[in-house]
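Okay, coords11.cif now, which holds mmCIF, C-alpha atoms:
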```cif
data_model
#
loop_
_atom_site.label_atom_id
_atom_site.label_comp_id
_atom_site.auth_asym_id
_atom_site.auth_seq_id
_atom_site.Cartn_x
_atom_site.Cartn_y
_atom_site.Cartn_z
CA MET A 1 100.84 119.25 93.43
CA VAL A 2 98.90 116.03 93.00
CA SER A 3 95.39 115.35 94.22
CA TYR A 4 93.36 112.18 94.09
CA SER A 5 89.71 112.45 93.12
CA GLY A 6 87.16 110.32 94.90
CA ARG A 7 87.36 108.53 98.18
CA GLY A 8 88.27 105.04 99.19
CA ALA A 9 90.16 102.68 96.94
CA PHE A 10 92.36 104.01 94.19
CA PHE A 11 90.71 101.66 91.71
CA PRO A 12 87.13 100.40 91.61
CA ALA A 13 86.37 96.99 93.05
CA ALA A 14 87.38 94.39 90.51
CA ARG A 15 85.80 91.05 89.79
CA HIS A 16 87.59 88.11 91.37
CA ASP A 17 88.48 86.60 87.97
CA MET A 18 90.03 89.84 86.71
CA THR A 19 93.75 90.55 86.85
CA LEU A 20 94.93 94.12 87.19
CA ASN A 21 97.47 94.70 84.43
CA LYS A 22 99.64 97.60 83.35
CA ALA A 23 96.97 99.06 81.04
CA ASP A 24 94.46 99.06 83.92
CA LEU A 25 96.98 100.86 86.14
CA ILE A 26 97.54 103.52 83.49
CA LYS A 27 93.79 103.99 82.97
CA GLY A 28 93.23 104.30 86.73
CA ILE A 29 95.98 106.89 87.07
CA ILE A 30 94.55 108.95 84.20
CA GLU A 31 91.09 108.90 85.80
CA ARG A 32 92.16 109.54 89.40
CA VAL A 33 95.28 111.74 89.44
CA HIS A 34 94.91 115.46 88.74
CA LEU A 35 97.73 118.00 88.56
CA LYS A 36 97.17 121.44 90.01
CA LYS A 37 97.60 124.19 87.42
CA ARG A 38 100.22 126.81 88.26
CA LYS A 39 98.36 129.79 86.86
CA ARG A 40 94.77 130.56 87.85
CA ASP A 41 92.26 132.23 85.57
CA LYS A 42 89.28 134.18 86.87
CA GLN A 43 86.98 131.28 86.08
CA GLN A 44 89.03 128.98 88.31
CA TYR A 45 88.23 131.06 91.38
CA LEU A 46 84.52 130.49 90.74
CA PHE A 47 84.92 126.84 89.71
CA PRO A 48 87.78 125.21 91.66
CA GLU A 49 87.49 121.98 89.66
CA LEU A 50 88.89 123.87 86.66
CA ASN A 51 92.11 124.41 88.61
CA TYR A 52 93.24 120.83 87.92
CA ALA A 53 94.47 119.16 84.74
CA LEU A 54 94.27 115.46 83.91
CA LEU A 55 97.37 113.45 83.15
CA SER A 56 97.86 112.41 79.55
CA ARG A 57 98.20 108.73 78.65
CA LYS A 58 101.89 109.32 77.90
CA GLN A 59 102.50 110.88 81.34
CA ALA A 60 100.60 108.11 83.12
CA THR A 61 102.48 105.44 81.16
CA HIS A 62 105.78 107.10 82.04
CA ALA A 63 104.80 107.19 85.74
CA VAL A 64 103.88 103.49 85.80
CA ASP A 65 107.00 102.47 83.85
CA SER A 66 109.24 104.52 86.14
CA LEU A 67 107.70 102.99 89.25
CA ILE A 68 108.11 99.45 87.93
CA GLU A 69 111.73 100.14 86.91
CA MET A 70 112.54 101.54 90.37
CA ILE A 71 111.07 98.42 92.01
CA LYS A 72 112.97 96.11 89.62
CA SER A 73 116.32 97.85 90.13
CA SER A 74 115.93 97.80 93.93
CA LEU A 75 115.10 94.09 93.90
CA GLU A 76 118.05 93.34 91.58
CA LYS A 77 120.33 94.94 94.19
CA GLY A 78 118.76 92.76 96.88
CA GLU A 79 117.00 95.65 98.61
CA GLN A 80 113.51 95.48 100.07
CA VAL A 81 110.69 97.57 98.59
CA LEU A 82 108.16 98.70 101.19
CA ILE A 83 104.91 100.30 100.01
CA SER A 84 103.13 101.58 103.09
CA GLY A 85 99.61 100.22 103.48
CA PHE A 86 100.20 97.67 100.70
CA GLY A 87 103.11 95.40 101.54
CA LYS A 88 106.77 94.57 101.14
CA PHE A 89 108.61 92.96 98.23
CA TYR A 90 111.86 91.27 99.18
CA VAL A 91 114.44 88.89 97.70
CA ARG A 92 114.84 85.39 99.13
CA PHE A 93 117.64 82.95 98.39
CA LYS A 94 116.87 79.32 97.58
CA TRP A 95 119.63 76.75 97.86
CA ALA A 96 120.30 74.15 95.18
CA ARG A 97 118.27 71.00 95.68
CA LYS A 98 117.29 67.75 94.09
CA GLY A 99 114.13 67.72 92.02
CA ARG A 100 112.25 65.46 89.68
CA ASN A 101 111.19 66.08 86.09
CA PRO A 102 107.43 65.42 86.22
CA ARG A 103 107.27 64.35 82.57
CA THR A 104 110.07 61.76 82.62
CA GLY A 105 110.37 61.04 86.34
CA LYS A 106 114.14 61.56 86.07
CA ASP A 107 116.04 63.10 89.01
CA ILE A 108 117.58 66.51 88.28
CA LEU A 109 119.55 69.10 90.25
CA LEU A 110 117.86 72.50 90.59
CA ASP A 111 120.35 75.38 90.79
CA SER A 112 120.38 77.84 93.65
CA ARG A 113 118.58 81.05 92.83
CA ARG A 114 117.07 84.26 94.14
CA ILE A 115 113.30 84.75 94.08
CA VAL A 116 111.02 87.70 94.78
CA ALA A 117 108.63 87.26 97.68
CA PHE A 118 105.80 89.49 98.88
CA HIS A 119 104.43 90.03 102.36
CA CYS A 120 101.23 92.08 102.49
CA SER A 121 100.61 94.67 105.19
CA SER A 122 98.16 94.12 108.01
CA LYS A 123 96.05 97.01 106.69
CA LEU A 124 95.67 95.24 103.36
CA LYS A 125 94.86 91.94 105.08
CA ASP A 126 92.19 93.62 107.18
CA ARG A 127 90.69 95.32 104.14
CA MET A 128 90.62 92.07 102.15
CA ASN A 129 89.06 90.10 104.99
CA LYS A 130 86.28 92.53 105.91
CA SER A 131 83.09 90.63 106.57
CA GLY A 132 79.98 91.37 104.54
CA ASP A 133 81.56 91.71 101.08
CA ARG A 134 82.00 88.05 100.25
CA SER A 135 81.04 87.00 96.74
#
```

Entire entry expressed as structure tokens:
Amino acid sequence: MVSYSGRGAFFPAARHDMTLNKADLIKGIIERVHLKKRKRDKQQYLFPELNYALLSRKQATHAVDSLIEMIKSSLEKGEQVLISGFGKFYVRFKWARKGRNPRTGKDILLDSRRIVAFHCSSKLKDRMNKSGDRS
């Protein structure tokens, strides 16, 4: 069983110039996710907070890596990845087209390719655009 400590956002509000990277995800998971212990000692009946164990860095890293690999493999197959309350990752096809090398000004042909696109959920849009917290 997994529980999340605290209320609200999974991670604290970040500065606008900060990028959330893999190490930040792992640190946030270690701080916020607690696993319920299977066996209860007498002390745990008096102090329920002792009934939970923190994830180790190795377990949190494995969880993040597994999630990223699942998303990558789904996108490679051309499937959509929907994360409820966050958004949807999907694959778009771009046809071959003419382009221009900006350094030389020479015309080139850009190959057709698949790209990953993201469409955020309306819940995320509403949360990002709340009035009052503009800095």

Query - the PyMOL selection byres ((chain A and resi 60-75) around 9) resolved against shown file, as a ChimeraX atom specification - result: /A:22-23,25-27,29-30,55-59,76-81,89-91,116

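In terms of minimum interatomic distance to Arg92 (chain A), A:Ile115 ranks closest within A:Met128, A:Leu20, A:Ile115, A:Leu54, counting only C-alpha atoms.
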
At a cut-off of 8 Å, using only C-alpha atoms, what residues contact Asp111 (chain A)? Leave out same-chain residues fewer than 2 positions from it and give the result as a CSV table (one decimal) with C-alpha atoms, in the coordinates of the input.
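Listed below is the output, around-v6.csv:
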```csv
chain,number,residue,atom,x,y,z
A,95,TRP,CA,119.6,76.8,97.9
A,96,ALA,CA,120.3,74.2,95.2
A,97,ARG,CA,118.3,71.0,95.7
A,109,LEU,CA,119.6,69.1,90.2
A,113,ARG,CA,118.6,81.0,92.8
```

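Atom pair CA of Ala117 (chain A) / CA of Lys98 (chain A) has a distance of 21.6 Å (rounded to one decimal).
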
Report task. Would you mind reading off the distance between CA of Arg114 (chain A) and CA of Phe93 (chain A), one decimal, in Å? Result ->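 Interatomic distance here is 4.5 Å.
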
Query - Å distance separating CA of Gly28 (chain A) from CA of Leu82 (chain A), one decimal place - result: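 Spanning CA of Gly28 (chain A) to CA of Leu82 (chain A) is a straight-line distance of 21.5 Å.
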
Requested in this report: Find the residues around Lys125 (chain A) up to 10 Å (all atoms listed in the file counted), leave out those fewer than 3 positions away in its own chain, and share them as a ChimeraX atom specification.
Outcome: /A:85-87,120-122,128-130
